[in-house]
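Below is one structure, written out as structure tokens; comments come after it.
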Amino acid sequence: MKEKKRPGKQAPASLEPSQKAWPPHHQPRLRVLIAKPGLDGHDRGAKVICRALRDAGMEVIYTGLRRTPEEIVNAAIQEDVDLIGLSILSGAHNVLFPRIMNLLRKRGASDIPVIAGGIIPEKDIPRLKKIGLAEIFLPGTPTQEIIQWVKEHIPERSKKKAINS
Amino acid sequence: MSRSQSQLKRKLGEDTASLRRGLRRWERAFKEELGLGGGETSKATSISGRPIKALYTPLDLKDFDFWRDLGFPGEYPFTRGIHPTMYRGRLWTMRQFSGFGSAEDTNRRFKYLLSLGQTGLSVAFHLPTLMGIDSDHPLAQGEIGKCGVAVDSLADMEILFNGIPLDKITTSMTINPPAAVLWAMYIAVAEKQGVSPQVISGTIQNDILKEYIAQKTYVFPPRPSMKLVVDTFEYGAKEVPRWNTISISGYHIREAGATAVQELAFTLRDGIEYVEWALERGLKIDEFAPRLSFFFNSHNDFFEEIAKFRAARKIWAEVMRERFGAKKERSWWLRFHTQTSGVSLMAQQPYNNIIRVAIQALAAVLGGTQSLHTNSLDETYALPSEQAVTIALRTQQIIAYESGVANTIDPLGGSYYVEKLTQEMEEEAKAYIRKIDNLGGMVKAIELGFPQKEIADSAYSYQQAVEKKEKIIVGVNAFEMEHEPIPILEVDPTVAEHQLARLREVKRTRNKLLVKQSLADLKRAAQDEVNLMPFILKCVRAYATVGEIMDALKEVYGVYEEPTTY
């Protein structure tokens, strides 16, 4: 064997920082809604993200498949979430995401940040960010990168409540 | 033992004492070179997490029996292939799954693919059609023509196959809950071309079980859905005898995260479930079994995939002959289509996907597939561009005509490694099949959420292995770099408008009374639990839409909602 450094032998990428970063259970945990708009049934990514966020100490609410913008916004408000994650692979993001963002605004909930992932052409990303999506994660994104993003961009729940009051 | 006998044993590698000595000698050299201590071993696993040894020898095949496990191509248990000639007789069908935009757009793409030398058609419908709703349904907004071609009524289907002689081409249609409806439309188009249903040939996917398990394009609850599937078996056996009325699919099970063995086991157990339901209806095994076909994924782990295809043929032959007592050889055949793995394609450095597809396609060919779809390099972004799909098809043609692998049947047969993997996968898949038998069958297992949970667990473990770099993905968690955006297909934004206009026009000009009557008849037939195919055909010929037909059935069968667990 020529290559001494085989993939299996490399030191595992550290999982530690983000796992430690989340507060212990007595502190209020971040609440995240993972939602599937669109007609596609590809839920592998959404479910992996749900488990990863849960394992990183967040409370995750999963909508299940084929939710309308109205259902997603209702769930986000009722569940009082700190973040909405949209997963879509059907190609309907350019129609459905603006409707979700508009509805959030209409319902006075545009302070809830929205991120998304799925099959989304790179050239659509600037337009989606312009309508208010905070970040788009493409296929192949490590869950740790998403967790890191949440840690950096979403204030801890205890702090947020303090700011609000 | 005489001297000549022991010499022969040595020559054939059957002298276990000398093999053991040789193995120990090699092991010492191997460990020394890798700098491994006494108890340490060099560990490697397949993409499915299966432990893989660095070397396989005849000692791994001690219980291997040539006639029981391998045999000859075209002979039971068909491990080496279902035909005696395999690719010497006829190459696999090169069948690219395609569909986007309007029926006109896809008709043009079909003709383009045929002009490139493609040998069969495969239709991708847009999501509203897959879900059995029309383009004017509120949930269809933003989806029209996006993931496939928009088909609402027979009018669209007529355009889709315009100028394509249905007696000369075989067509595969990926369609599940409304499979009977789209099949009826295809039959109706053939009739309009003057082609008898007795001669048309192709496949409807029609595999509802894997929808609940993995792809999640379900409409009705499992039991009435199974009834509809058996209706198509029964109708097809008599009226459309050259049609494959089901394509029992592991593809989506694998894409959802299953391991190779889970894909193999759940797919074959689904097959068993369909057979049991059909027998329950009173169908004769040898009348419908030859029309069952399969559809597998070909993923990155080359040898594991080849072993999976070989094990699949062997297990199915045994199931059909021993478990169900099928007498016809054709009933024992596991004929399958393969698609390279969509989920293995990466958005990062997308041209690397060409290489992934080539390796996966080669595995499918070495595994003896009957037809093949090669994915395009740009599919993590959008539906394939013309340029990308051309490369994908050329990949198959290079394998077929340049690589030489089609010259010899089952060229890896007899490889210690491949035979051992085939045996292991067979055993593990059979253990899963027994487990599902014990749960009361696949419908019951689905209702209990068993396969769904197994798959979600595997998907999560794999993702964790990638993130810990236990599994390397080139360009994603190693060898990363920036890449230029690639050109991608853009679906004509006016498709939705045109589709809605055509739908309005169809609804305006058709015989409204006939539509109403045929839908009412269908609903009554559903309540009476008779075979629905003739009634669906009547609806379709009257230009009732997919949505209208499915709505009539929803009123009788209800709709399915899965528990939202992760």
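Following the order of the structure tokens, first chain is A, next is B, and so on, with residues numbered from 1 inside each chain and ligands from 1 in the order they appear.
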
At most 7 Å to chain B: residues in chain A, only C-alpha atoms, as an NGL selection string: :A and (7-8 or 12-13 or 39-42 or 44 or 47-48 or 50-51 or 62-64 or 90-92 or 95-96 or 119-121 or 139-140 or 142)

Would you put the residues from that selection into a file with N, CA and C atoms, as a PDB file, in the first residue's frame?
ATOM      1  N   PRO A   7      -7.648   6.855   4.868  1.00  0.00           N
ATOM      2  CA  PRO A   7      -8.773   7.629   5.373  1.00  0.00           C
ATOM      3  C   PRO A   7      -9.236   7.184   6.760  1.00  0.00           C
ATOM      4  N   GLY A   8      -9.370   5.890   6.926  1.00  0.00           N
ATOM      5  CA  GLY A   8      -9.895   5.376   8.181  1.00  0.00           C
ATOM      6  C   GLY A   8      -9.016   5.687   9.380  1.00  0.00           C
ATOM      7  N   PRO A  12     -10.392  11.666  13.851  1.00  0.00           N
ATOM      8  CA  PRO A  12     -11.747  12.134  13.574  1.00  0.00           C
ATOM      9  C   PRO A  12     -11.856  13.646  13.778  1.00  0.00           C
ATOM     10  N   ALA A  13     -12.613  14.278  12.904  1.00  0.00           N
ATOM     11  CA  ALA A  13     -12.851  15.707  13.078  1.00  0.00           C
ATOM     12  C   ALA A  13     -13.507  15.907  14.430  1.00  0.00           C
ATOM     13  N   LEU A  39     -43.924  19.212  -2.682  1.00  0.00           N
ATOM     14  CA  LEU A  39     -44.608  17.926  -2.807  1.00  0.00           C
ATOM     15  C   LEU A  39     -43.670  16.720  -2.716  1.00  0.00           C
ATOM     16  N   ASP A  40     -42.359  16.955  -2.665  1.00  0.00           N
ATOM     17  CA  ASP A  40     -41.465  15.793  -2.691  1.00  0.00           C
ATOM     18  C   ASP A  40     -41.426  15.095  -1.338  1.00  0.00           C
ATOM     19  N   GLY A  41     -41.099  13.837  -1.370  1.00  0.00           N
ATOM     20  CA  GLY A  41     -41.077  13.027  -0.144  1.00  0.00           C
ATOM     21  C   GLY A  41     -39.678  12.715   0.333  1.00  0.00           C
ATOM     22  N   HIS A  42     -38.686  13.428  -0.202  1.00  0.00           N
ATOM     23  CA  HIS A  42     -37.295  13.137   0.172  1.00  0.00           C
ATOM     24  C   HIS A  42     -37.029  13.660   1.577  1.00  0.00           C
ATOM     25  N   ARG A  44     -34.830  12.189   3.877  1.00  0.00           N
ATOM     26  CA  ARG A  44     -33.586  11.724   4.498  1.00  0.00           C
ATOM     27  C   ARG A  44     -32.819  12.882   5.135  1.00  0.00           C
ATOM     28  N   LYS A  47     -34.595  14.467   8.183  1.00  0.00           N
ATOM     29  CA  LYS A  47     -34.547  13.628   9.387  1.00  0.00           C
ATOM     30  C   LYS A  47     -33.148  13.586   9.990  1.00  0.00           C
ATOM     31  N   VAL A  48     -32.131  13.568   9.133  1.00  0.00           N
ATOM     32  CA  VAL A  48     -30.752  13.575   9.646  1.00  0.00           C
ATOM     33  C   VAL A  48     -30.501  14.884  10.390  1.00  0.00           C
ATOM     34  N   CYS A  50     -32.764  16.802  11.837  1.00  0.00           N
ATOM     35  CA  CYS A  50     -33.535  16.746  13.092  1.00  0.00           C
ATOM     36  C   CYS A  50     -32.735  16.041  14.178  1.00  0.00           C
ATOM     37  N   ARG A  51     -32.205  14.870  13.833  1.00  0.00           N
ATOM     38  CA  ARG A  51     -31.467  14.094  14.840  1.00  0.00           C
ATOM     39  C   ARG A  51     -30.194  14.818  15.262  1.00  0.00           C
ATOM     40  N   TYR A  62     -40.562  18.463  14.049  1.00  0.00           N
ATOM     41  CA  TYR A  62     -40.556  18.134  12.615  1.00  0.00           C
ATOM     42  C   TYR A  62     -41.989  18.148  12.104  1.00  0.00           C
ATOM     43  N   THR A  63     -42.214  18.861  10.989  1.00  0.00           N
ATOM     44  CA  THR A  63     -43.594  19.012  10.496  1.00  0.00           C
ATOM     45  C   THR A  63     -44.121  17.786   9.777  1.00  0.00           C
ATOM     46  N   GLY A  64     -43.214  16.942   9.279  1.00  0.00           N
ATOM     47  CA  GLY A  64     -43.663  15.902   8.357  1.00  0.00           C
ATOM     48  C   GLY A  64     -43.737  16.488   6.952  1.00  0.00           C
ATOM     49  N   SER A  90     -37.876  19.647  -4.393  1.00  0.00           N
ATOM     50  CA  SER A  90     -38.793  19.521  -5.532  1.00  0.00           C
ATOM     51  C   SER A  90     -38.555  20.571  -6.603  1.00  0.00           C
ATOM     52  N   GLY A  91     -37.813  21.614  -6.290  1.00  0.00           N
ATOM     53  CA  GLY A  91     -37.607  22.680  -7.273  1.00  0.00           C
ATOM     54  C   GLY A  91     -38.609  23.816  -7.141  1.00  0.00           C
ATOM     55  N   ALA A  92     -39.508  23.723  -6.148  1.00  0.00           N
ATOM     56  CA  ALA A  92     -40.545  24.747  -6.004  1.00  0.00           C
ATOM     57  C   ALA A  92     -40.142  25.854  -5.023  1.00  0.00           C
ATOM     58  N   VAL A  95     -41.051  29.580  -5.527  1.00  0.00           N
ATOM     59  CA  VAL A  95     -42.455  29.949  -5.339  1.00  0.00           C
ATOM     60  C   VAL A  95     -42.835  29.853  -3.862  1.00  0.00           C
ATOM     61  N   LEU A  96     -42.394  28.766  -3.209  1.00  0.00           N
ATOM     62  CA  LEU A  96     -42.870  28.518  -1.840  1.00  0.00           C
ATOM     63  C   LEU A  96     -42.127  29.348  -0.786  1.00  0.00           C
ATOM     64  N   ILE A 119     -32.170  20.669  -2.858  1.00  0.00           N
ATOM     65  CA  ILE A 119     -31.689  20.833  -4.234  1.00  0.00           C
ATOM     66  C   ILE A 119     -32.053  22.252  -4.671  1.00  0.00           C
ATOM     67  N   ILE A 120     -31.089  23.149  -4.523  1.00  0.00           N
ATOM     68  CA  ILE A 120     -31.326  24.565  -4.810  1.00  0.00           C
ATOM     69  C   ILE A 120     -30.166  25.065  -5.670  1.00  0.00           C
ATOM     70  N   PRO A 121     -30.442  25.454  -6.920  1.00  0.00           N
ATOM     71  CA  PRO A 121     -29.343  25.928  -7.770  1.00  0.00           C
ATOM     72  C   PRO A 121     -28.639  27.135  -7.146  1.00  0.00           C
ATOM     73  N   PRO A 139     -26.404  20.333  -0.678  1.00  0.00           N
ATOM     74  CA  PRO A 139     -26.107  18.923  -0.391  1.00  0.00           C
ATOM     75  C   PRO A 139     -24.632  18.734  -0.040  1.00  0.00           C
ATOM     76  N   GLY A 140     -24.360  17.877   0.927  1.00  0.00           N
ATOM     77  CA  GLY A 140     -22.979  17.622   1.315  1.00  0.00           C
ATOM     78  C   GLY A 140     -22.539  18.458   2.507  1.00  0.00           C
ATOM     79  N   PRO A 142     -21.888  19.317   6.101  1.00  0.00           N
ATOM     80  CA  PRO A 142     -21.872  18.526   7.333  1.00  0.00           C
ATOM     81  C   PRO A 142     -22.880  19.086   8.339  1.00  0.00           C
TER      82      PRO A 142
END

Within 7 Å of range 512-514 of chain B using only C-alpha atoms, minus same-chain residues under 3 positions, as a list in words: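 Selected residues are Gln517, Ser518 and Ala542 of chain B.
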
Which residue of B:Leu23, B:Ile433, B:Leu283, B:Val443 approaches Lys238 in chain B most closely, using only C-alpha atoms: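 Residue with the minimum atom-to-atom distance to Lys238 in chain B: B:Leu283.
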
Computed interatomic separation between CA of Phe100 in chain B and CA of Thr174 in chain B (Å):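 The value is 13.3 Å.
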
Who sits within 10 Å of Gly117 in chain B, only C-alpha atoms, same chain under 2 positions skipped, as a list in words: Met94, Tyr112, Leu113, Leu114, Ser115, Thr119, Gly120, Leu393, Arg394 and Gln397 of chain B

Those of range 109-159 of chain A in DSSP strand (DSSP E or B), formatted as a list of chain:residue names: A:Val114, A:Ile115, A:Ala116, A:Gly117, A:Gly118, A:Glu135, A:Ile136, A:Phe137

Shell around range 258-275 of chain B at 9 Å using only C-alpha atoms, local window under 6 positions removed, as a PyMOL selection string: chain B and resi 47-49+207+209-210+213+226+229-230+248-252+285+288-289+292+294-297+299+304-305+308-309+311-312+315-316+319-320+324+425-426+428-433+436-437+441-443+451+454-459

Which of A:Val73, A:Ile115, A:Val60, A:Val81 sits closest to Phe137 in chain A [using only C-alpha atoms]: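 Residue with the minimum atom-to-atom distance to Phe137 in chain A: A:Ile115.
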
Test item, alpha helix (DSSP H) assignment across range 205-313 of chain B, answer as a count of residues only: 63

Polymer residues at most 12 Å from Pro69 in chain A, only C-alpha atoms, same-chain spacing of 2 or more positions, as a ChimeraX atom specification: /A:35-39,63,66-67,71-76,84,86,92-93,95-104 /B:138-139,141
